file input.txt (compact mmCIF, C-alpha atoms)
# COMPACT_ATOMS: atom_id res chain seq x y z
CA MET A 1 99.68 -13.19 -30.30
CA SER A 2 97.13 -10.40 -29.89
CA HIS A 3 94.47 -12.52 -31.57
CA LEU A 4 94.66 -14.99 -28.64
CA PHE A 5 93.41 -12.37 -26.12
CA PRO A 6 90.05 -10.55 -26.13
CA ASN A 7 90.25 -6.86 -26.86
CA GLN A 8 88.94 -4.09 -24.58
CA HIS A 9 85.60 -3.80 -26.40
CA ILE A 10 84.81 -7.49 -25.88
CA LEU A 11 85.72 -7.34 -22.18
CA HIS A 12 83.51 -4.28 -21.69
CA GLN A 13 80.54 -5.97 -23.36
CA SER A 14 80.95 -9.10 -21.26
CA PHE A 15 81.66 -7.68 -17.81
CA GLY A 16 81.64 -3.91 -17.78
CA SER A 17 77.96 -2.96 -18.55
CA PRO A 18 75.17 -3.91 -16.13
CA LEU A 19 72.68 -2.82 -18.78
CA ASN A 20 73.80 -5.47 -21.18
CA GLN A 21 70.75 -7.76 -21.11
CA ARG A 22 72.23 -10.34 -23.43
CA ALA A 23 75.20 -10.80 -21.15
CA ARG A 24 72.94 -11.10 -18.07
CA ILE A 25 70.94 -14.01 -19.47
CA SER A 26 72.13 -17.22 -17.87
CA PRO A 27 71.11 -20.79 -18.58
CA ALA A 28 68.10 -21.86 -16.51
CA SER A 29 69.02 -24.07 -13.62
CA LYS A 30 66.79 -26.64 -11.96
CA ALA A 31 64.71 -25.11 -9.14
CA THR A 32 65.46 -26.19 -5.61
CA PRO A 33 62.59 -27.45 -3.39
CA PHE A 34 62.55 -24.11 -1.53
CA GLN A 35 62.82 -21.87 -4.58
CA ALA A 36 59.80 -19.79 -5.63
CA ARG A 37 58.14 -20.83 -8.87
CA PRO A 38 58.10 -17.88 -11.30
CA GLU A 39 55.18 -19.32 -13.29
CA LEU A 40 52.93 -18.74 -10.24
CA TYR A 41 53.70 -15.02 -9.98
CA ALA A 42 50.90 -14.22 -12.41
CA ALA A 43 48.39 -16.04 -10.18
CA TYR A 44 49.50 -14.02 -7.16
CA SER A 45 49.14 -10.88 -9.24
CA VAL A 46 45.58 -11.82 -10.24
CA VAL A 47 44.64 -12.47 -6.61
CA ASP A 48 46.13 -9.15 -5.50
CA ASP A 49 44.29 -7.34 -8.29
CA ALA A 50 41.02 -8.99 -7.24
CA LYS A 51 41.58 -7.97 -3.62
CA ASN A 52 42.34 -4.39 -4.62
CA LYS A 53 39.27 -4.20 -6.84
CA ALA A 54 37.06 -5.67 -4.10
CA SER A 55 38.45 -3.15 -1.65
CA GLN A 56 37.77 -0.30 -4.08
CA LEU A 57 34.22 -1.53 -4.71
CA SER A 58 33.61 -1.83 -0.97
CA SER A 59 34.86 1.70 -0.40
CA GLU A 60 32.71 3.02 -3.24
CA ALA A 61 29.66 1.15 -1.94
CA GLN A 62 30.22 2.58 1.55
CA LYS A 63 30.50 6.08 0.10
CA GLU A 64 27.22 5.62 -1.80
CA LEU A 65 25.57 4.26 1.36
CA ASP A 66 26.80 7.25 3.34
CA LYS A 67 25.44 9.58 0.65
CA ALA A 68 22.05 7.84 0.80
CA SER A 69 22.12 8.04 4.60
CA ASP A 70 22.90 11.77 4.47
CA ALA A 71 20.08 12.25 1.96
CA ALA A 72 17.68 10.36 4.22
CA LYS A 73 18.73 12.44 7.22
CA GLY A 74 18.33 15.68 5.32
CA ALA A 75 15.09 14.80 3.53
CA THR A 76 13.00 16.66 6.09
CA GLY A 77 15.42 19.53 6.38
CA LYS A 78 15.36 19.15 10.16
CA LYS A 79 17.53 17.47 12.72
CA MET A 80 16.42 13.89 13.40
CA GLU A 81 14.78 13.72 16.80
CA LEU A 82 13.76 10.72 18.88
CA TYR A 83 10.11 9.80 19.45
CA THR A 84 8.78 11.72 16.46
CA PRO A 85 6.61 10.23 13.68
CA THR A 86 9.77 9.86 11.58
CA PHE A 87 11.47 7.94 14.37
CA TYR A 88 8.55 5.55 14.83
CA ALA A 89 8.31 5.04 11.06
CA ALA A 90 12.03 4.20 10.95
CA ALA A 91 11.63 1.79 13.88
CA THR A 92 8.67 0.10 12.16
CA PHE A 93 10.41 -0.32 8.82
CA GLY A 94 13.67 -1.36 10.48
CA GLY A 95 11.80 -4.04 12.39
CA LEU A 96 10.14 -5.24 9.19
CA LEU A 97 13.53 -5.68 7.53
CA ALA A 98 15.17 -7.21 10.59
CA CYS A 99 12.59 -9.92 11.24
CA GLY A 100 11.29 -10.62 7.73
CA LEU A 101 14.67 -11.15 6.11
CA THR A 102 16.30 -13.13 8.92
CA HIS A 103 13.42 -15.53 9.56
CA THR A 104 13.09 -16.22 5.84
CA ALA A 105 16.83 -16.90 5.54
CA VAL A 106 16.70 -19.65 8.21
CA THR A 107 13.60 -21.38 6.79
CA PRO A 108 15.55 -24.66 6.30
CA LEU A 109 16.43 -24.74 10.01
CA ASP A 110 12.88 -23.86 10.99
CA LEU A 111 11.51 -26.59 8.73
CA VAL A 112 13.54 -29.32 10.42
CA LYS A 113 12.81 -27.92 13.89
CA CYS A 114 9.03 -27.94 13.33
CA ARG A 115 8.99 -31.45 11.90
CA ARG A 116 11.10 -32.82 14.75
CA GLN A 117 8.85 -31.13 17.27
CA VAL A 118 5.81 -32.86 15.79
CA ASP A 119 7.59 -36.21 15.30
CA ALA A 120 10.88 -36.58 17.19
CA SER A 121 11.70 -39.86 15.42
CA LEU A 122 11.41 -38.40 11.92
CA TYR A 123 15.06 -37.31 11.60
CA LYS A 124 18.27 -38.09 13.48
CA GLY A 125 19.91 -34.73 12.83
CA ASN A 126 19.82 -31.59 10.72
CA PHE A 127 22.11 -32.71 7.90
CA GLN A 128 20.44 -36.08 7.63
CA ALA A 129 17.07 -34.29 7.52
CA TRP A 130 18.16 -31.89 4.78
CA GLY A 131 19.58 -34.79 2.76
CA LEU A 132 16.29 -36.69 2.96
CA ILE A 133 14.23 -33.62 2.12
CA LEU A 134 16.49 -32.81 -0.84
CA ARG A 135 16.13 -36.33 -2.25
CA GLN A 136 12.41 -36.61 -1.63
CA GLU A 137 11.15 -33.06 -2.23
CA GLY A 138 13.91 -31.37 -4.19
CA PHE A 139 15.72 -28.10 -3.43
CA ARG A 140 12.44 -26.19 -3.10
CA GLY A 141 11.40 -28.60 -0.38
CA ILE A 142 14.19 -27.33 1.89
CA PHE A 143 12.56 -23.88 1.79
CA THR A 144 9.02 -25.10 2.37
CA GLY A 145 7.08 -22.36 4.14
CA TRP A 146 9.31 -19.45 3.11
CA SER A 147 6.39 -17.36 1.81
CA PRO A 148 4.22 -17.27 4.97
CA THR A 149 7.44 -16.84 6.95
CA LEU A 150 8.35 -13.72 4.98
CA PHE A 151 4.87 -12.17 5.19
CA GLY A 152 4.23 -13.15 8.80
CA TYR A 153 7.52 -12.17 10.37
CA SER A 154 7.77 -8.96 8.38
CA ALA A 155 4.42 -7.92 9.85
CA GLN A 156 5.42 -9.14 13.30
CA GLY A 157 8.77 -7.30 13.19
CA ALA A 158 7.14 -4.05 12.10
CA PHE A 159 4.63 -4.23 14.96
CA LYS A 160 7.15 -5.47 17.52
CA TYR A 161 9.89 -2.87 17.08
CA GLY A 162 7.62 0.04 16.26
CA TRP A 163 5.32 -0.52 19.23
CA TYR A 164 8.25 -1.29 21.54
CA GLU A 165 9.75 2.14 20.94
CA TYR A 166 6.33 3.72 21.45
CA PHE A 167 5.52 1.87 24.69
CA LYS A 168 9.02 2.41 26.06
CA LYS A 169 8.58 6.17 25.67
CA LYS A 170 4.97 6.07 26.93
CA TYR A 171 5.73 4.10 30.08
CA SER A 172 8.88 6.15 30.70
CA ASP A 173 6.84 9.37 30.63
CA ILE A 174 4.35 7.88 33.06
CA ALA A 175 7.06 6.74 35.49
CA GLY A 176 9.21 9.85 35.25
CA PRO A 177 12.97 10.14 34.50
CA GLU A 178 14.31 8.88 37.84
CA ASN A 179 11.96 5.91 38.17
CA SER A 180 12.45 5.04 34.50
CA TYR A 181 16.18 4.67 35.10
CA LYS A 182 15.82 3.01 38.49
CA TYR A 183 13.35 0.42 37.20
CA LYS A 184 14.59 0.32 33.61
CA THR A 185 14.47 -3.49 33.37
CA LEU A 186 10.80 -3.46 34.37
CA LEU A 187 10.26 -0.74 31.75
CA TYR A 188 11.87 -2.91 29.03
CA LEU A 189 9.80 -5.93 30.08
CA SER A 190 6.51 -4.01 30.10
CA ALA A 191 7.10 -2.26 26.77
CA SER A 192 8.20 -5.44 24.99
CA ALA A 193 5.27 -7.48 26.35
CA SER A 194 2.78 -4.86 25.19
CA ALA A 195 4.38 -4.68 21.74
CA GLU A 196 4.48 -8.45 21.29
CA PHE A 197 0.83 -8.83 22.29
CA LEU A 198 -0.11 -6.75 19.23
CA ALA A 199 2.59 -8.19 16.97
CA ASP A 200 1.34 -11.77 17.45
CA ILE A 201 -2.13 -10.85 16.25
CA ALA A 202 -0.52 -9.86 12.95
CA LEU A 203 1.70 -12.96 12.87
CA CYS A 204 -0.78 -15.68 13.85
CA PRO A 205 -2.59 -16.30 10.50
CA PHE A 206 0.70 -16.64 8.64
CA GLU A 207 2.17 -18.85 11.38
CA ALA A 208 -0.79 -21.22 11.06
CA VAL A 209 -0.20 -21.57 7.31
CA LYS A 210 3.57 -21.95 7.76
CA VAL A 211 3.36 -24.70 10.38
CA ARG A 212 0.83 -26.72 8.38
CA MET A 213 2.92 -26.42 5.23
CA GLN A 214 6.07 -27.52 7.06
CA THR A 215 4.64 -30.37 9.16
CA THR A 216 2.33 -31.96 6.56
CA MET A 217 3.98 -34.00 3.81
CA PRO A 218 3.34 -33.17 1.05
CA PRO A 219 2.41 -29.55 1.91
CA PRO A 220 -1.36 -29.03 1.60
CA TYR A 221 -1.10 -25.48 0.19
CA LYS A 222 0.58 -23.96 -2.84
CA GLY A 223 1.45 -20.76 -1.01
CA THR A 224 0.48 -18.27 1.66
CA PHE A 225 -2.80 -16.96 0.30
CA ASP A 226 -3.88 -20.38 -0.96
CA GLY A 227 -3.39 -21.63 2.61
CA ILE A 228 -5.34 -18.73 4.13
CA SER A 229 -8.27 -19.23 1.76
CA LYS A 230 -8.42 -23.00 2.34
CA ILE A 231 -8.22 -22.70 6.13
CA THR A 232 -10.94 -20.02 6.28
CA ALA A 233 -13.12 -22.05 3.90
CA ALA A 234 -12.85 -25.18 6.06
CA GLU A 235 -12.64 -23.72 9.58
CA GLY A 236 -13.62 -20.07 9.34
CA VAL A 237 -11.41 -17.15 10.37
CA GLY A 238 -10.98 -18.75 13.78
CA GLY A 239 -8.93 -21.49 12.15
CA LEU A 240 -6.19 -18.94 11.49
CA TYR A 241 -6.09 -17.97 15.16
CA LYS A 242 -6.42 -21.29 16.95
CA GLY A 243 -2.72 -21.14 17.80
CA LEU A 244 -2.89 -17.57 19.16
CA TYR A 245 -2.84 -18.44 22.88
CA PRO A 246 0.23 -20.68 22.68
CA LEU A 247 1.78 -18.16 20.31
CA TRP A 248 1.36 -15.50 23.00
CA GLY A 249 2.73 -18.00 25.49
CA ARG A 250 5.79 -18.50 23.32
CA GLN A 251 6.42 -15.04 21.92
CA ILE A 252 5.66 -12.74 24.85
CA PRO A 253 8.21 -14.34 27.23
CA TYR A 254 10.60 -14.63 24.27
CA THR A 255 10.31 -10.94 23.40
CA MET A 256 10.50 -9.80 27.02
CA MET A 257 13.76 -11.71 27.38
CA LYS A 258 14.95 -10.54 23.95
CA PHE A 259 14.56 -6.81 24.60
CA ALA A 260 15.34 -6.63 28.33
CA SER A 261 18.44 -8.83 28.16
CA PHE A 262 19.68 -7.12 24.98
CA GLU A 263 19.40 -3.64 26.47
CA THR A 264 21.16 -4.80 29.64
CA ILE A 265 23.94 -6.71 27.85
CA VAL A 266 24.68 -3.83 25.48
CA GLU A 267 24.81 -1.39 28.40
CA LYS A 268 27.29 -3.68 30.21
CA ILE A 269 29.44 -4.01 27.08
CA TYR A 270 29.75 -0.25 26.66
CA ASP A 271 30.43 0.16 30.38
CA ARG A 272 33.51 -2.04 29.96
CA LEU A 273 34.75 -0.44 26.76
CA PRO A 274 36.95 2.68 26.87
CA GLY A 275 35.15 5.89 26.05
CA GLN A 276 31.48 6.35 25.30
CA LYS A 277 29.20 4.70 22.75
CA SER A 278 29.25 7.83 20.60
CA ASP A 279 33.04 7.46 20.25
CA TYR A 280 32.62 4.30 18.17
CA GLY A 281 31.78 4.09 14.48
CA LYS A 282 28.97 2.25 12.72
CA GLY A 283 30.94 -0.97 12.36
CA ALA A 284 31.83 -1.20 16.03
CA GLN A 285 28.32 -0.32 17.19
CA THR A 286 26.67 -2.89 14.92
CA ALA A 287 29.19 -5.49 16.14
CA VAL A 288 28.13 -4.76 19.71
CA SER A 289 24.49 -5.04 18.63
CA PHE A 290 25.12 -8.45 17.06
CA THR A 291 27.00 -9.72 20.12
CA GLY A 292 24.33 -8.53 22.53
CA GLY A 293 21.60 -9.93 20.30
CA TYR A 294 23.21 -13.36 20.00
CA LEU A 295 23.63 -13.70 23.77
CA ALA A 296 20.06 -12.52 24.33
CA GLY A 297 18.85 -15.01 21.72
CA ILE A 298 20.25 -17.97 23.63
CA LEU A 299 18.22 -16.94 26.69
CA CYS A 300 15.15 -16.36 24.51
CA ALA A 301 15.30 -19.84 23.01
CA ILE A 302 15.42 -21.55 26.41
CA VAL A 303 12.60 -19.50 27.93
CA SER A 304 10.17 -19.88 25.03
CA HIS A 305 10.90 -23.39 23.75
CA PRO A 306 8.16 -25.41 25.50
CA ALA A 307 5.51 -23.04 24.14
CA ASP A 308 7.14 -23.21 20.70
CA VAL A 309 6.73 -27.00 20.69
CA LEU A 310 3.06 -26.64 21.67
CA VAL A 311 2.46 -24.11 18.86
CA SER A 312 3.79 -26.61 16.34
CA LYS A 313 1.72 -29.43 17.83
CA LEU A 314 -1.54 -27.49 18.08
CA ASN A 315 -1.31 -26.02 14.58
CA ALA A 316 -0.62 -29.50 13.22
CA ASN A 317 -3.17 -31.66 15.08
CA ARG A 318 -5.68 -29.60 17.07
CA LYS A 319 -9.14 -30.92 16.19
CA SER A 320 -11.91 -28.66 14.95
CA GLY A 321 -13.93 -27.40 17.92
CA GLU A 322 -11.50 -28.84 20.47
CA ALA A 323 -10.99 -26.62 23.51
CA PHE A 324 -7.57 -25.09 23.96
CA GLY A 325 -6.98 -26.67 27.37
CA ALA A 326 -8.08 -30.10 26.16
CA ALA A 327 -5.76 -29.88 23.14
CA VAL A 328 -2.81 -28.88 25.32
CA ALA A 329 -3.51 -31.70 27.81
CA ARG A 330 -3.81 -34.29 25.02
CA ASN A 331 -0.53 -33.26 23.40
CA TYR A 332 1.30 -33.08 26.73
CA LYS A 333 0.09 -36.58 27.59
CA ASP A 334 1.41 -37.88 24.26
CA MET A 335 4.90 -36.39 24.51
CA GLY A 336 5.54 -35.82 28.24
CA PHE A 337 7.75 -33.17 29.86
CA MET A 338 10.90 -34.11 27.94
CA GLY A 339 8.98 -33.83 24.68
CA LEU A 340 8.57 -30.11 25.35
CA TRP A 341 12.32 -29.75 24.77
CA ASN A 342 12.50 -31.55 21.39
CA GLY A 343 14.66 -29.58 18.96
CA LEU A 344 16.11 -27.20 21.58
CA PRO A 345 19.77 -27.33 20.36
CA VAL A 346 18.66 -26.49 16.82
CA ARG A 347 16.50 -23.66 18.11
CA ILE A 348 19.33 -22.20 20.22
CA VAL A 349 21.54 -21.95 17.12
CA MET A 350 18.68 -20.58 15.03
CA ILE A 351 17.37 -18.06 17.57
CA GLY A 352 20.84 -16.91 18.66
CA THR A 353 21.81 -16.18 15.07
CA LEU A 354 18.42 -14.68 14.27
CA THR A 355 18.37 -12.36 17.25
CA GLY A 356 21.94 -11.21 16.68
CA LEU A 357 21.26 -10.43 13.03
CA GLN A 358 17.94 -8.75 13.80
CA TRP A 359 19.46 -6.31 16.26
CA MET A 360 22.37 -5.66 13.92
CA ILE A 361 20.06 -4.89 10.96
CA TYR A 362 17.66 -2.86 13.09
CA ASP A 363 20.37 -0.72 14.70
CA TYR A 364 22.21 -0.22 11.44
CA PHE A 365 19.01 1.00 9.81
CA LYS A 366 18.45 3.40 12.71
CA MET A 367 21.96 4.79 12.22
CA PHE A 368 21.30 5.01 8.48
CA MET A 369 18.28 7.17 9.25
CA GLY A 370 20.27 9.33 11.67
CA PHE A 371 19.12 7.86 14.99
CA PRO A 372 21.28 6.32 17.75
CA THR A 373 21.48 2.56 18.23
CA THR A 374 19.48 0.76 20.90
CA GLY A 375 21.20 0.45 24.25
CA GLY A 376 20.89 0.94 27.98
CA ALA A 377 19.15 3.97 29.40
CA ALA A 378 21.29 6.98 30.26
CA PRO A 379 21.30 8.11 33.90
CA PRO A 380 18.84 10.93 34.55
CA GLU A 381 20.28 14.38 34.93
CA LYS A 382 20.37 15.56 38.52
CA THR A 383 18.42 18.68 39.16
CA SER A 384 19.94 21.33 41.39
CA GLN A 385 18.23 21.89 44.74
call {"tool": "encode", "arguments": {"input": "input.txt", "output": "structure tokens"}}
result
Amino acid sequence: MSHLFPNQHILHQSFGSPLNQRARISPASKATPFQARPELYAAYSVVDDAKNKASQLSSEAQKELDKASDAAKGATGKKMELYTPTFYAAATFGGLLACGLTHTAVTPLDLVKCRRQVDASLYKGNFQAWGLILRQEGFRGIFTGWSPTLFGYSAQGAFKYGWYEYFKKKYSDIAGPENSYKYKTLLYLSASASAEFLADIALCPFEAVKVRMQTTMPPPYKGTFDGISKITAAEGVGGLYKGLYPLWGRQIPYTMMKFASFETIVEKIYDRLPGQKSDYGKGAQTAVSFTGGYLAGILCAIVSHPADVLVSKLNANRKSGEAFGAAVARNYKDMGFMGLWNGLPVRIVMIGTLTGLQWMIYDYFKMFMGFPTTGGAAPPEKTSQ
């Protein structure tokens, strides 16, 4: 009868050893609706690996950036000080990067805005406009005017930020520490207006080429320097500057609002955050810069929009030899008061984003070079009596 019962060795193989892989294999059963699918585990593993690699690359890139920043700070062998030639050079180059890159990136938005300002009935909306431009002019048509935008706003940004830091220091020294803090908003307004006055002289020739390329279909110029040579050949050098007065009218109020409101907003943000600004890292400080810049940009767009519409109009249809006042009156008669606000929603989105990114890039570059970010003025130290 012993052959009818399994012996001890068989029982041990079947039930006694948890390491017996052959015994642990069970027939596959049909998965329930809530059961995980094993065949997808590999996909999850690939995603996790990609995330880990991206995180490692980001960390390595940050380390390299920190090394480059330390090298830049130590290049002179001295501690970085404010209001030195190195500081003004950093402000100038930071402004070049901030304005040149951001304005070029939003060329498609600027293209639609300018065309709608000149002819409000041309497009019904942004996406409809981009669709039409893509079909009629191709992908390159969406970026019409990118070249004069890059050259013009790089020059403008370099002048604007570099001169702003210079005039802010200059006017502060004239007023004295206590008055500079007491009337700091007036100081921001004066310094930014002075800087923008000079910056627009650098911008104006490129702006004239850009607007004509964007508002004339097909564009009359192959590029920036082709446009400059053709305008000067037909109208003289003055043809490049016939939009300077409305450009000042647009950009000076815009920049005054941009700098004064940004400095004030950033100061208020740090006042409501725990600790001091120096307690926060680069990421947090650049986030504050972007937030303050975006809010300031909304105010900038509203203040400067009527003049922006006139710049587009005058660069597109001002007649040779026509007086500035006569050209403004003719265009205002054609479009009326409400026409001055054509394209405002698009410009609010564009300028808010632009201004936020500009301040973020500018302040990050200042930190990269070893300087503090832009913010509200510190209270003057009280002198003992």
call {"tool": "atom_distance", "arguments": {"input": "input.txt", "atom1": "CA of Phe365 in chain A", "atom2": "CA of Gly94 in chain A"}}
result
5.9 Å
call {"tool": "closest_residue", "arguments": {"input": "input.txt", "among": "A:Glu322, A:Glu165, A:Asp271, A:Asp173", "to": "Lys242 in chain A", "atoms": "only C-alpha atoms"}}
result
A:Glu322
call {"tool": "closest_residue", "arguments": {"input": "input.txt", "among": "A:Thr264, A:Gln251, A:Thr216, A:Thr286", "to": "Pro372 in chain A", "atoms": "only C-alpha atoms"}}
result
A:Thr286
call {"tool": "residues_near_point", "arguments": {"input": "input.txt", "point": "(6.2, -37.4, 17.2)", "cutoff": "10 Å", "atoms": "all atoms listed in the file", "output": "number ranges by chain"}}
result
A: 115-122, 313, 334-335, 339, 342
call {"tool": "closest_residue", "arguments": {"input": "input.txt", "among": "A:Met80, A:Ala287, A:Ala202, A:Val106", "to": "Ile361 in chain A", "atoms": "only C-alpha atoms"}}
result
A:Ala287
call {"tool": "residues_around", "arguments": {"input": "input.txt", "residues": "Met256 in chain A", "least_positions_apart": "6", "cutoff": "10 Å", "atoms": "only C-alpha atoms", "output": "mmCIF file with C-alpha atoms, keeping the file's coordinate frame"}}
result
data_model
loop_
_atom_site.group_PDB
_atom_site.id
_atom_site.type_symbol
_atom_site.label_atom_id
_atom_site.label_comp_id
_atom_site.auth_asym_id
_atom_site.auth_seq_id
_atom_site.Cartn_x
_atom_site.Cartn_y
_atom_site.Cartn_z
ATOM 1 C CA THR A 185 14.470 -3.490 33.370
ATOM 2 C CA LEU A 186 10.800 -3.460 34.370
ATOM 3 C CA TYR A 188 11.870 -2.910 29.030
ATOM 4 C CA LEU A 189 9.800 -5.930 30.080
ATOM 5 C CA SER A 190 6.510 -4.010 30.100
ATOM 6 C CA ALA A 191 7.100 -2.260 26.770
ATOM 7 C CA SER A 192 8.200 -5.440 24.990
ATOM 8 C CA ALA A 193 5.270 -7.480 26.350
ATOM 9 C CA SER A 194 2.780 -4.860 25.190
ATOM 10 C CA ALA A 195 4.380 -4.680 21.740
ATOM 11 C CA GLU A 196 4.480 -8.450 21.290
ATOM 12 C CA PHE A 262 19.680 -7.120 24.980
ATOM 13 C CA CYS A 300 15.150 -16.360 24.510
ATOM 14 C CA VAL A 303 12.600 -19.500 27.930
#
call {"tool": "closest_residue", "arguments": {"input": "input.txt", "among": "A:Thr104, A:Ser312, A:Ser147, A:Thr373", "to": "Leu82 in chain A", "atoms": "all atoms listed in the file"}}
result
A:Thr373
call {"tool": "closest_residue", "arguments": {"input": "input.txt", "among": "A:Tyr181, A:Tyr123, A:Leu198, A:Gly100", "to": "Leu150 in chain A", "atoms": "only C-alpha atoms"}}
result
A:Gly100
call {"tool": "residues_around", "arguments": {"input": "input.txt", "residues": "Thr149 in chain A", "least_positions_apart": "4", "cutoff": "12 Å", "atoms": "all atoms listed in the file", "output": "PyMOL selection string"}}
result
chain A and resi 99-108+110-111+143-145+153-157+203-214+223-224
call {"tool": "closest_residue", "arguments": {"input": "input.txt", "among": "A:Glu235, A:Ala284, A:Pro85, A:Ile174", "to": "Lys319 in chain A", "atoms": "all atoms listed in the file"}}
result
A:Glu235
call {"tool": "atom_distance", "arguments": {"input": "input.txt", "atom1": "CA of Lys160 in chain A", "atom2": "CA of Asn315 in chain A"}}
result
22.4 Å
call {"tool": "residues_around", "arguments": {"input": "input.txt", "residues": "Thr232 in chain A", "least_positions_apart": "4", "cutoff": "12 Å", "atoms": "only C-alpha atoms", "output": "list in words"}}
result
Pro205, Ala208, Val209, Phe225, Asp226, Gly227, Ile228, Gly236, Val237, Gly238, Gly239, Leu240, Tyr241 and Lys242 of chain A
